[in-house]
file model.cif (mmCIF, C-alpha atoms)
data_target
loop_
_atom_site.group_PDB
_atom_site.id
_atom_site.type_symbol
_atom_site.label_atom_id
_atom_site.label_comp_id
_atom_site.auth_asym_id
_atom_site.auth_seq_id
_atom_site.Cartn_x
_atom_site.Cartn_y
_atom_site.Cartn_z
ATOM 1 C CA MET A 1 79.139 144.547 -22.984
ATOM 2 C CA LYS A 2 81.342 142.480 -20.671
ATOM 3 C CA LYS A 3 82.963 139.309 -21.934
ATOM 4 C CA VAL A 4 83.085 135.904 -20.203
ATOM 5 C CA THR A 5 85.729 133.410 -21.270
ATOM 6 C CA ILE A 6 84.894 129.734 -20.848
ATOM 7 C CA LEU A 7 88.263 128.020 -20.550
ATOM 8 C CA ILE A 8 88.259 124.335 -21.553
ATOM 9 C CA PRO A 9 91.437 122.206 -21.383
ATOM 10 C CA ALA A 10 91.032 119.369 -23.891
ATOM 11 C CA TYR A 11 93.018 116.162 -24.313
ATOM 12 C CA ASN A 12 91.629 113.585 -26.759
ATOM 13 C CA GLU A 13 88.050 114.855 -26.443
ATOM 14 C CA GLU A 14 86.982 114.453 -30.081
ATOM 15 C CA GLU A 15 83.881 112.407 -29.181
ATOM 16 C CA VAL A 16 82.412 114.881 -26.708
ATOM 17 C CA LEU A 17 83.104 118.193 -28.460
ATOM 18 C CA PRO A 18 79.885 118.368 -30.559
ATOM 19 C CA ALA A 19 77.656 117.871 -27.497
ATOM 20 C CA LEU A 20 79.765 120.317 -25.496
ATOM 21 C CA LEU A 21 79.440 123.075 -28.110
ATOM 22 C CA ASP A 22 75.654 122.615 -28.260
ATOM 23 C CA ARG A 23 75.346 122.929 -24.473
ATOM 24 C CA LEU A 24 77.597 126.008 -24.374
ATOM 25 C CA ASP A 25 75.662 127.749 -27.140
ATOM 26 C CA SER A 26 72.413 127.067 -25.280
ATOM 27 C CA VAL A 27 73.827 128.618 -22.108
ATOM 28 C CA ALA A 28 75.127 131.683 -23.987
ATOM 29 C CA ALA A 29 71.735 132.174 -25.647
ATOM 30 C CA PHE A 30 70.073 132.486 -22.220
ATOM 31 C CA ILE A 31 72.533 135.193 -21.089
ATOM 32 C CA PRO A 32 72.380 137.775 -23.891
ATOM 33 C CA ARG A 33 73.735 140.606 -21.753
ATOM 34 C CA TYR A 34 77.247 139.079 -21.897
ATOM 35 C CA GLU A 35 79.577 138.274 -24.751
ATOM 36 C CA PHE A 36 81.029 134.758 -24.569
ATOM 37 C CA GLU A 37 84.153 133.156 -25.937
ATOM 38 C CA TYR A 38 85.046 129.461 -25.677
ATOM 39 C CA LEU A 39 88.797 129.150 -25.266
ATOM 40 C CA PHE A 40 89.920 125.560 -25.878
ATOM 41 C CA VAL A 41 93.462 124.552 -24.922
ATOM 42 C CA ASN A 42 94.406 121.482 -26.924
ATOM 43 C CA ASP A 43 96.885 119.709 -24.658
ATOM 44 C CA GLY A 44 98.714 117.596 -27.229
ATOM 45 C CA SER A 45 95.724 115.497 -28.316
ATOM 46 C CA SER A 46 96.476 112.548 -30.609
ATOM 47 C CA ASP A 47 92.925 112.156 -31.961
ATOM 48 C CA GLY A 48 90.853 114.566 -34.073
ATOM 49 C CA THR A 49 90.342 117.168 -31.342
ATOM 50 C CA LEU A 50 92.453 119.849 -33.032
ATOM 51 C CA ARG A 51 90.830 119.246 -36.418
ATOM 52 C CA LEU A 52 87.370 119.765 -34.917
ATOM 53 C CA LEU A 53 88.462 122.882 -33.063
ATOM 54 C CA LYS A 54 89.754 124.385 -36.285
ATOM 55 C CA GLN A 55 86.444 123.680 -37.973
ATOM 56 C CA TYR A 56 84.442 125.177 -35.114
ATOM 57 C CA SER A 57 86.613 128.306 -34.974
ATOM 58 C CA GLU A 58 85.841 128.952 -38.659
ATOM 59 C CA THR A 59 82.065 128.613 -38.271
ATOM 60 C CA ASN A 60 81.453 129.754 -34.681
ATOM 61 C CA PRO A 61 82.807 133.223 -33.770
ATOM 62 C CA ARG A 62 82.814 132.329 -30.077
ATOM 63 C CA VAL A 63 85.361 129.517 -30.490
ATOM 64 C CA ARG A 64 89.077 130.131 -30.007
ATOM 65 C CA TYR A 65 91.761 127.511 -29.557
ATOM 66 C CA ILE A 66 95.370 127.182 -28.461
ATOM 67 C CA ASP A 67 97.352 124.137 -29.576
ATOM 68 C CA LEU A 68 100.191 123.281 -27.189
ATOM 69 C CA SER A 69 103.334 121.730 -28.655
ATOM 70 C CA ARG A 70 102.862 118.539 -26.597
ATOM 71 C CA ASN A 71 100.912 117.153 -23.671
ATOM 72 C CA PHE A 72 101.912 119.323 -20.697
ATOM 73 C CA GLY A 73 99.060 118.262 -18.387
ATOM 74 C CA LYS A 74 95.874 119.983 -17.286
ATOM 75 C CA GLU A 75 97.541 122.296 -14.771
ATOM 76 C CA THR A 76 99.825 123.834 -17.392
ATOM 77 C CA ALA A 77 97.012 123.896 -19.966
ATOM 78 C CA MET A 78 94.975 126.036 -17.569
ATOM 79 C CA LEU A 79 97.896 128.433 -17.174
ATOM 80 C CA ALA A 80 98.036 128.819 -20.952
ATOM 81 C CA GLY A 81 94.321 129.571 -20.878
ATOM 82 C CA PHE A 82 94.819 132.210 -18.182
ATOM 83 C CA ASP A 83 97.480 133.852 -20.353
ATOM 84 C CA TYR A 84 95.283 134.046 -23.454
ATOM 85 C CA ALA A 85 91.807 134.591 -21.966
ATOM 86 C CA LYS A 86 90.278 137.928 -22.963
ATOM 87 C CA GLY A 87 87.217 137.936 -20.721
ATOM 88 C CA ASP A 88 86.374 140.089 -17.717
ATOM 89 C CA ALA A 89 85.692 136.761 -15.995
ATOM 90 C CA VAL A 90 86.892 133.246 -16.755
ATOM 91 C CA VAL A 91 84.922 130.046 -16.163
ATOM 92 C CA ILE A 92 87.042 126.867 -16.056
ATOM 93 C CA LEU A 93 85.125 123.876 -17.389
ATOM 94 C CA ASP A 94 86.116 120.274 -18.104
ATOM 95 C CA ALA A 95 85.347 119.043 -21.609
ATOM 96 C CA ASP A 96 83.705 115.774 -20.509
ATOM 97 C CA LEU A 97 80.380 117.421 -19.455
ATOM 98 C CA GLN A 98 80.515 115.954 -15.963
ATOM 99 C CA GLN A 99 80.309 119.571 -14.849
ATOM 100 C CA PRO A 100 77.015 121.080 -16.065
ATOM 101 C CA PRO A 101 77.578 124.224 -18.176
ATOM 102 C CA GLU A 102 74.120 125.423 -17.119
ATOM 103 C CA LEU A 103 75.617 126.285 -13.711
ATOM 104 C CA ILE A 104 77.462 129.167 -15.368
ATOM 105 C CA ARG A 105 74.287 131.258 -15.103
ATOM 106 C CA GLU A 106 74.333 130.968 -11.310
ATOM 107 C CA MET A 107 78.062 131.692 -11.193
ATOM 108 C CA ILE A 108 77.553 134.904 -13.148
ATOM 109 C CA ARG A 109 74.719 135.930 -10.830
ATOM 110 C CA TRP A 110 77.007 135.692 -7.775
ATOM 111 C CA TRP A 111 79.803 137.438 -9.688
ATOM 112 C CA GLU A 112 77.450 140.328 -10.362
ATOM 113 C CA GLN A 113 76.925 140.583 -6.592
ATOM 114 C CA GLY A 114 80.625 141.209 -6.020
ATOM 115 C CA TYR A 115 82.147 137.753 -5.534
ATOM 116 C CA GLU A 116 85.459 137.266 -7.321
ATOM 117 C CA ASP A 117 85.855 133.476 -7.049
ATOM 118 C CA VAL A 118 82.635 131.487 -7.372
ATOM 119 C CA TYR A 119 83.625 127.830 -6.977
ATOM 120 C CA ALA A 120 81.454 124.765 -7.420
ATOM 121 C CA VAL A 121 81.557 121.827 -4.994
ATOM 122 C CA ARG A 122 80.328 118.376 -5.961
ATOM 123 C CA ALA A 123 77.337 117.356 -3.854
ATOM 124 C CA GLN A 124 77.251 113.961 -5.524
ATOM 125 C CA ARG A 125 79.095 112.278 -8.353
ATOM 126 C CA GLU A 126 77.519 109.605 -10.523
ATOM 127 C CA GLY A 127 79.623 106.505 -11.090
ATOM 128 C CA GLU A 128 82.287 107.324 -8.489
ATOM 129 C CA SER A 129 83.328 104.431 -6.266
ATOM 130 C CA ARG A 130 83.214 104.672 -2.489
ATOM 131 C CA MET A 131 86.946 104.010 -2.392
ATOM 132 C CA LYS A 132 87.711 107.004 -4.597
ATOM 133 C CA GLU A 133 85.317 109.192 -2.616
ATOM 134 C CA TRP A 134 86.933 108.152 0.680
ATOM 135 C CA THR A 135 90.488 108.737 -0.571
ATOM 136 C CA SER A 136 89.498 112.182 -1.877
ATOM 137 C CA LYS A 137 87.989 113.279 1.441
ATOM 138 C CA THR A 138 90.934 111.860 3.413
ATOM 139 C CA TYR A 139 93.416 113.615 1.163
ATOM 140 C CA TYR A 140 91.799 117.017 1.661
ATOM 141 C CA LYS A 141 91.762 116.504 5.437
ATOM 142 C CA VAL A 142 95.489 115.747 5.404
ATOM 143 C CA VAL A 143 96.278 118.776 3.229
ATOM 144 C CA GLN A 144 94.202 121.052 5.489
ATOM 145 C CA LYS A 145 96.176 119.957 8.565
ATOM 146 C CA MET A 146 99.445 120.613 6.759
ATOM 147 C CA SER A 147 98.602 123.952 5.200
ATOM 148 C CA PRO A 148 98.393 127.360 6.895
ATOM 149 C CA GLU A 149 95.879 128.476 4.237
ATOM 150 C CA LYS A 150 92.283 127.352 4.012
ATOM 151 C CA VAL A 151 91.650 124.293 1.861
ATOM 152 C CA TYR A 152 88.316 123.964 0.082
ATOM 153 C CA PRO A 153 87.375 120.243 0.085
ATOM 154 C CA LEU A 154 85.859 118.795 -3.085
ATOM 155 C CA ALA A 155 86.204 122.183 -4.811
ATOM 156 C CA GLY A 156 87.878 121.465 -8.118
ATOM 157 C CA ASP A 157 88.676 123.712 -11.045
ATOM 158 C CA PHE A 158 85.032 124.276 -12.005
ATOM 159 C CA ARG A 159 84.656 127.939 -11.012
ATOM 160 C CA LEU A 160 84.255 131.501 -12.193
ATOM 161 C CA LEU A 161 87.226 133.778 -11.595
ATOM 162 C CA ASP A 162 87.166 137.548 -11.848
ATOM 163 C CA ARG A 163 89.850 139.223 -13.947
ATOM 164 C CA LYS A 164 91.680 140.189 -10.732
ATOM 165 C CA CYS A 165 92.059 136.497 -9.849
ATOM 166 C CA ILE A 166 93.269 135.645 -13.345
ATOM 167 C CA GLU A 167 95.924 138.349 -13.241
ATOM 168 C CA ALA A 168 97.089 137.027 -9.856
ATOM 169 C CA LEU A 169 97.260 133.425 -11.110
ATOM 170 C CA ARG A 170 99.211 134.507 -14.192
ATOM 171 C CA GLN A 171 101.991 135.729 -11.919
ATOM 172 C CA LEU A 172 102.434 132.275 -10.368
ATOM 173 C CA ARG A 173 104.663 130.574 -12.961
ATOM 174 C CA GLU A 174 105.654 127.348 -11.196
ATOM 175 C CA ASN A 175 106.351 124.389 -13.479
ATOM 176 C CA GLU A 176 105.106 121.847 -10.927
ATOM 177 C CA ARG A 177 101.683 123.392 -10.504
ATOM 178 C CA TYR A 178 98.817 122.699 -8.113
ATOM 179 C CA THR A 179 96.196 125.254 -9.093
ATOM 180 C CA LYS A 180 93.640 124.053 -6.521
ATOM 181 C CA GLY A 181 96.017 125.273 -3.833
ATOM 182 C CA MET A 182 96.684 128.532 -5.637
ATOM 183 C CA TYR A 183 92.995 129.469 -5.592
ATOM 184 C CA GLY A 184 93.102 129.575 -1.803
ATOM 185 C CA TRP A 185 96.529 131.213 -1.643
ATOM 186 C CA ILE A 186 95.613 134.248 -3.782
ATOM 187 C CA GLY A 187 92.580 135.021 -1.611
ATOM 188 C CA PHE A 188 89.825 137.315 -2.971
ATOM 189 C CA LYS A 189 86.134 137.159 -2.134
ATOM 190 C CA LYS A 190 84.827 133.616 -2.553
ATOM 191 C CA LYS A 191 81.397 132.029 -2.854
ATOM 192 C CA GLU A 192 80.587 128.320 -2.736
ATOM 193 C CA ILE A 193 77.825 126.722 -4.775
ATOM 194 C CA THR A 194 76.994 123.037 -5.229
ATOM 195 C CA TYR A 195 76.196 120.829 -8.195
ATOM 196 C CA TYR A 196 75.525 117.199 -9.049
ATOM 197 C CA ALA A 197 78.171 115.777 -11.368
ATOM 198 C CA ASP A 198 77.044 113.708 -14.330
ATOM 199 C CA VAL A 199 78.721 110.715 -15.891
ATOM 200 C CA ARG A 200 81.167 111.412 -18.696
ATOM 201 C CA ALA A 201 79.238 112.239 -21.882
ATOM 202 C CA ALA A 202 81.617 110.345 -24.174
ATOM 203 C CA GLY A 203 85.138 108.999 -24.326
ATOM 204 C CA GLU A 204 87.236 107.761 -21.422
ATOM 205 C CA THR A 205 88.692 109.497 -18.384
ATOM 206 C CA LYS A 206 92.310 110.612 -18.700
ATOM 207 C CA TRP A 207 92.922 110.441 -14.943
ATOM 208 C CA SER A 208 94.581 107.146 -14.053
ATOM 209 C CA TRP A 209 95.448 106.265 -10.459
ATOM 210 C CA THR A 210 99.085 107.093 -11.269
ATOM 211 C CA LYS A 211 98.191 110.609 -12.443
ATOM 212 C CA LEU A 212 95.902 111.140 -9.465
ATOM 213 C CA PHE A 213 98.685 110.072 -7.089
ATOM 214 C CA LYS A 214 101.120 112.476 -8.771
ATOM 215 C CA LEU A 215 98.565 115.284 -8.488
ATOM 216 C CA ALA A 216 98.117 114.480 -4.787
ATOM 217 C CA MET A 217 101.887 114.576 -4.226
ATOM 218 C CA ASP A 218 102.084 117.884 -6.115
ATOM 219 C CA GLY A 219 99.377 119.254 -3.849
ATOM 220 C CA ILE A 220 101.148 118.240 -0.647
ATOM 221 C CA THR A 221 104.642 119.358 -1.652
ATOM 222 C CA SER A 222 103.464 122.562 -3.375
ATOM 223 C CA TYR A 223 101.082 123.532 -0.607
ATOM 224 C CA SER A 224 103.198 122.925 2.474
ATOM 225 C CA THR A 225 106.660 122.154 3.864
ATOM 226 C CA ALA A 226 105.087 120.109 6.667
ATOM 227 C CA PRO A 227 106.506 116.748 5.422
ATOM 228 C CA LEU A 228 110.022 118.074 5.996
ATOM 229 C CA LYS A 229 109.106 119.138 9.527
ATOM 230 C CA VAL A 230 107.380 115.813 10.217
ATOM 231 C CA TRP A 231 110.542 113.858 9.473
ATOM 232 C CA SER A 232 112.524 116.168 11.737
ATOM 233 C CA TYR A 233 110.111 115.326 14.552
ATOM 234 C CA ILE A 234 110.324 111.616 13.755
ATOM 235 C CA GLY A 235 114.112 111.824 13.803
ATOM 236 C CA PHE A 236 114.092 113.470 17.248
ATOM 237 C CA ALA A 237 111.609 110.895 18.558
ATOM 238 C CA ILE A 238 113.667 107.942 17.308
ATOM 239 C CA SER A 239 116.861 109.452 18.717
ATOM 240 C CA PHE A 240 115.174 109.888 22.102
ATOM 241 C CA LEU A 241 113.899 106.301 22.115
ATOM 242 C CA ALA A 242 117.329 105.051 21.048
ATOM 243 C CA PHE A 243 118.911 106.966 23.948
ATOM 244 C CA LEU A 244 116.476 105.375 26.404
ATOM 245 C CA PHE A 245 117.177 101.934 24.942
ATOM 246 C CA LEU A 246 120.931 102.547 25.207
ATOM 247 C CA ALA A 247 120.599 103.588 28.863
ATOM 248 C CA TYR A 248 118.543 100.457 29.542
ATOM 249 C CA GLU A 249 121.128 98.173 27.905
ATOM 250 C CA ILE A 250 124.004 99.788 29.801
ATOM 251 C CA GLY A 251 122.157 99.422 33.100
ATOM 252 C CA LYS A 252 121.267 95.779 32.371
ATOM 253 C CA THR A 253 124.885 94.989 31.435
ATOM 254 C CA LEU A 254 126.240 96.553 34.621
ATOM 255 C CA LEU A 255 123.779 94.672 36.811
ATOM 256 C CA PHE A 256 123.471 91.298 35.119
ATOM 257 C CA GLY A 257 126.333 91.061 32.629
ATOM 258 C CA THR A 258 125.945 90.444 28.892
ATOM 259 C CA ASN A 259 125.541 87.574 26.438
ATOM 260 C CA ALA A 260 125.470 87.045 22.677
ATOM 261 C CA ALA A 261 121.674 86.942 22.403
ATOM 262 C CA GLY A 262 119.645 89.680 20.690
ATOM 263 C CA TYR A 263 120.737 89.247 17.062
ATOM 264 C CA PRO A 264 117.117 89.287 15.670
ATOM 265 C CA THR A 265 116.358 92.446 17.651
ATOM 266 C CA LEU A 266 119.512 94.120 16.378
ATOM 267 C CA LEU A 267 118.725 93.191 12.766
ATOM 268 C CA ALA A 268 115.143 94.445 13.046
ATOM 269 C CA SER A 269 116.337 97.750 14.550
ATOM 270 C CA ILE A 270 118.881 98.286 11.761
ATOM 271 C CA LEU A 271 116.300 97.580 9.058
ATOM 272 C CA PHE A 272 113.739 99.853 10.721
ATOM 273 C CA LEU A 273 116.135 102.780 11.078
ATOM 274 C CA GLY A 274 117.426 102.224 7.540
ATOM 275 C CA GLY A 275 113.877 102.363 6.196
ATOM 276 C CA ILE A 276 113.177 105.569 8.107
ATOM 277 C CA GLN A 277 116.312 107.151 6.670
ATOM 278 C CA LEU A 278 115.422 106.183 3.105
ATOM 279 C CA ILE A 279 111.900 107.572 3.466
ATOM 280 C CA SER A 280 113.165 110.845 4.891
ATOM 281 C CA LEU A 281 115.743 111.122 2.098
ATOM 282 C CA GLY A 282 112.943 110.519 -0.406
ATOM 283 C CA VAL A 283 110.889 113.388 1.034
ATOM 284 C CA ILE A 284 113.894 115.714 0.958
ATOM 285 C CA GLY A 285 114.632 114.568 -2.606
ATOM 286 C CA GLU A 286 111.065 115.398 -3.668
ATOM 287 C CA TYR A 287 111.485 119.008 -2.551
ATOM 288 C CA LEU A 288 115.035 119.225 -3.896
ATOM 289 C CA GLY A 289 113.839 117.967 -7.271
ATOM 290 C CA ARG A 290 111.286 120.758 -7.405
ATOM 291 C CA VAL A 291 113.973 123.320 -6.631
ATOM 292 C CA PHE A 292 116.088 121.828 -9.440
ATOM 293 C CA VAL A 293 113.222 122.094 -11.946
ATOM 294 C CA GLU A 294 112.299 125.662 -10.981
ATOM 295 C CA THR A 295 115.892 126.963 -11.071
ATOM 296 C CA LYS A 296 116.145 126.011 -14.756
ATOM 297 C CA GLY A 297 113.766 128.851 -15.539
ATOM 298 C CA ARG A 298 112.113 127.038 -18.444
ATOM 299 C CA PRO A 299 108.827 128.362 -19.873
ATOM 300 C CA PRO A 300 105.849 126.355 -18.590
ATOM 301 C CA TYR A 301 104.633 125.594 -22.129
ATOM 302 C CA PHE A 302 105.043 126.222 -25.851
ATOM 303 C CA ILE A 303 102.294 126.869 -28.388
ATOM 304 C CA ARG A 304 102.328 125.284 -31.844
ATOM 305 C CA GLU A 305 99.479 127.384 -33.219
ATOM 306 C CA SER A 306 96.348 129.235 -32.193
ATOM 307 C CA SER A 307 93.132 130.483 -33.751
ATOM 308 C CA ASP A 308 94.342 134.069 -33.268
ATOM 309 C CA GLU A 309 97.345 133.402 -35.518
ATOM 310 C CA ALA A 310 95.147 131.679 -38.088
ATOM 311 C CA GLU A 311 92.797 134.670 -38.150
ATOM 312 C CA GLU A 312 95.650 137.147 -38.523
ATOM 313 C CA ASP A 313 97.221 135.092 -41.311
ATOM 314 C CA THR A 314 93.868 135.021 -43.090
ATOM 315 C CA HIS A 315 93.871 138.828 -43.103
ATOM 316 C CA GLY A 316 97.439 138.970 -44.370
ATOM 317 C CA LYS A 317 98.988 139.938 -41.054
ATOM 318 C CA LYS A 318 101.986 138.560 -39.289
ATOM 319 C CA GLY A 319 101.150 135.827 -36.739
ATOM 320 C CA ARG A 320 101.410 136.849 -33.117
ATOM 321 C CA SER A 321 104.234 135.635 -30.905
ATOM 322 C CA ASN A 322 103.787 132.801 -28.445
ATOM 323 C CA ASP A 323 105.322 134.950 -25.737
ATOM 324 C CA VAL A 324 102.887 136.509 -23.263
ATOM 325 C CA ASP A 325 103.662 139.881 -21.769
#
call {"tool": "encode", "arguments": {"input": "model.cif", "output": "structure tokens"}}
result
Amino acid sequence: MKKVTILIPAYNEEEVLPALLDRLDSVAAFIPRYEFEYLFVNDGSSDGTLRLLKQYSETNPRVRYIDLSRNFGKETAMLAGFDYAKGDAVVILDADLQQPPELIREMIRWWEQGYEDVYAVRAQREGESRMKEWTSKTYYKVVQKMSPEKVYPLAGDFRLLDRKCIEALRQLRENERYTKGMYGWIGFKKKEITYYADVRAAGETKWSWTKLFKLAMDGITSYSTAPLKVWSYIGFAISFLAFLFLAYEIGKTLLFGTNAAGYPTLLASILFLGGIQLISLGVIGEYLGRVFVETKGRPPYFIRESSDEAEEDTHGKKGRSNDVD
């Protein structure tokens, strides 16, 4: 019997966990030909999330958990899940129940037909403002123009990945991660399905505008070097315009003489060029900072404890190492 891992990053999701477990058990009951495991990655929660996960792992044989040493963010939490997932396929699911677990049945059906990456695209999202919807669509358009690889608009992390895809993603160990871009980069046979997102079942969203902006910047800088090229083009364009302006001023001086006027124009030009230089240095610094972080060679995450260690300790065995081969 093949196994399907349902990977669930969790950060302060104590309120929604009971409803989530009930929905997952209902889905698993309708697909008896597969064995299921629910792999929760506790991403440094400060509420009772870990306590509940420990309780569930003792009473429900499908539940496993990994407790990270601190809050590393969803991208790194998913990498930890990839490292410890045991299934022949892995379904990534948010804990807030905005993504319907019942769609897993359809994902498995397409997986059985040979697709290795079955990704779900939101057809509609309850409670999402028009502003957020517009910024999301605009962002994906910008990333698509910058990237040589295909970008899948509105396709988030809710997807089923074959074991081949998981093994490929495990090899990508960047600290500044943008997994949505990695799905397209690794390739494999893909299938798109749609779903209607629900409102959050309980609790509050953990995605502030600041975190969303950082994720967008990670996507652009991780996915493409186009911003560096853009500023090279802007630099050439400004230099060309400055040369034309210089030729014009020289010609005007030779024909009509000169005077002391033009101070506001000179000040505006200096401020404009100074701003352009600072922006371009900021873009270069963003990429250089990523190089600095990656050259340190630090592990992406550390694990405080896991259900596997707890089970081994219960049987009098030595706990497993946090290192992943």
call {"tool": "residues_around", "arguments": {"input": "model.cif", "residues": "Pro18 (chain A)", "least_positions_apart": "5", "cutoff": "12 Å", "atoms": "all atoms listed in the file", "output": "MDAnalysis selection string"}}
result
chainID A and resid 13 23:25 49 52:53 55:56 95:97 201:202
call {"tool": "write_last_selection", "arguments": {"input": "model.cif", "atoms": "C-alpha atoms", "output": "PDB file, in the frame of the given file"}}
result
ATOM      1  CA  GLU A  13      88.050 114.855 -26.443  1.00  0.00           C
ATOM      2  CA  ARG A  23      75.346 122.929 -24.473  1.00  0.00           C
ATOM      3  CA  LEU A  24      77.597 126.008 -24.374  1.00  0.00           C
ATOM      4  CA  ASP A  25      75.662 127.749 -27.140  1.00  0.00           C
ATOM      5  CA  THR A  49      90.342 117.168 -31.342  1.00  0.00           C
ATOM      6  CA  LEU A  52      87.370 119.765 -34.917  1.00  0.00           C
ATOM      7  CA  LEU A  53      88.462 122.882 -33.063  1.00  0.00           C
ATOM      8  CA  GLN A  55      86.444 123.680 -37.973  1.00  0.00           C
ATOM      9  CA  TYR A  56      84.442 125.177 -35.114  1.00  0.00           C
ATOM     10  CA  ALA A  95      85.347 119.043 -21.609  1.00  0.00           C
ATOM     11  CA  ASP A  96      83.705 115.774 -20.509  1.00  0.00           C
ATOM     12  CA  LEU A  97      80.380 117.421 -19.455  1.00  0.00           C
ATOM     13  CA  ALA A 201      79.238 112.239 -21.882  1.00  0.00           C
ATOM     14  CA  ALA A 202      81.617 110.345 -24.174  1.00  0.00           C
TER      15      ALA A 202
END
call {"tool": "resolve_selection", "arguments": {"input": "model.cif", "expression": "the PyMOL selection byres ((chain A and resi 302) around 10)", "output": "list in words"}}
result
Asp67, Leu68, Ser69, Arg70, Phe72, Ala80, Pro299, Pro300, Tyr301, Ile303, Arg304, Glu305, Asn322 and Asp323 of chain A
call {"tool": "closest_residue", "arguments": {"input": "model.cif", "among": "A:Gln99, A:Ser46, A:Thr194, A:Ser57", "to": "Val118 (chain A)", "atoms": "only C-alpha atoms"}}
result
A:Thr194
call {"tool": "resolve_selection", "arguments": {"input": "model.cif", "expression": "the PyMOL selection byres ((chain A and resi 42) around 9)", "output": "list in words"}}
result
Ile8, Pro9, Ala10, Tyr11, Asn12, Phe40, Val41, Asp43, Gly44, Ser45, Thr49, Leu50, Leu53, Tyr65, Ile66, Asp67, Leu68, Arg70, Asn71 and Ala77 of chain A
call {"tool": "atom_distance", "arguments": {"input": "model.cif", "atom1": "CA of Arg159 (chain A)", "atom2": "CA of Tyr119 (chain A)"}}
result
4.2 Å
call {"tool": "residues_around", "arguments": {"input": "model.cif", "residues": "Gly87 (chain A)", "least_positions_apart": "2", "cutoff": "8 Å", "atoms": "all atoms listed in the file", "output": "ChimeraX atom specification"}}
result
/A:2-5,36-37,85,89-90,163
call {"tool": "atom_distance", "arguments": {"input": "model.cif", "atom1": "CA of Lys189 (chain A)", "atom2": "CA of Pro32 (chain A)"}}
result
25.7 Å
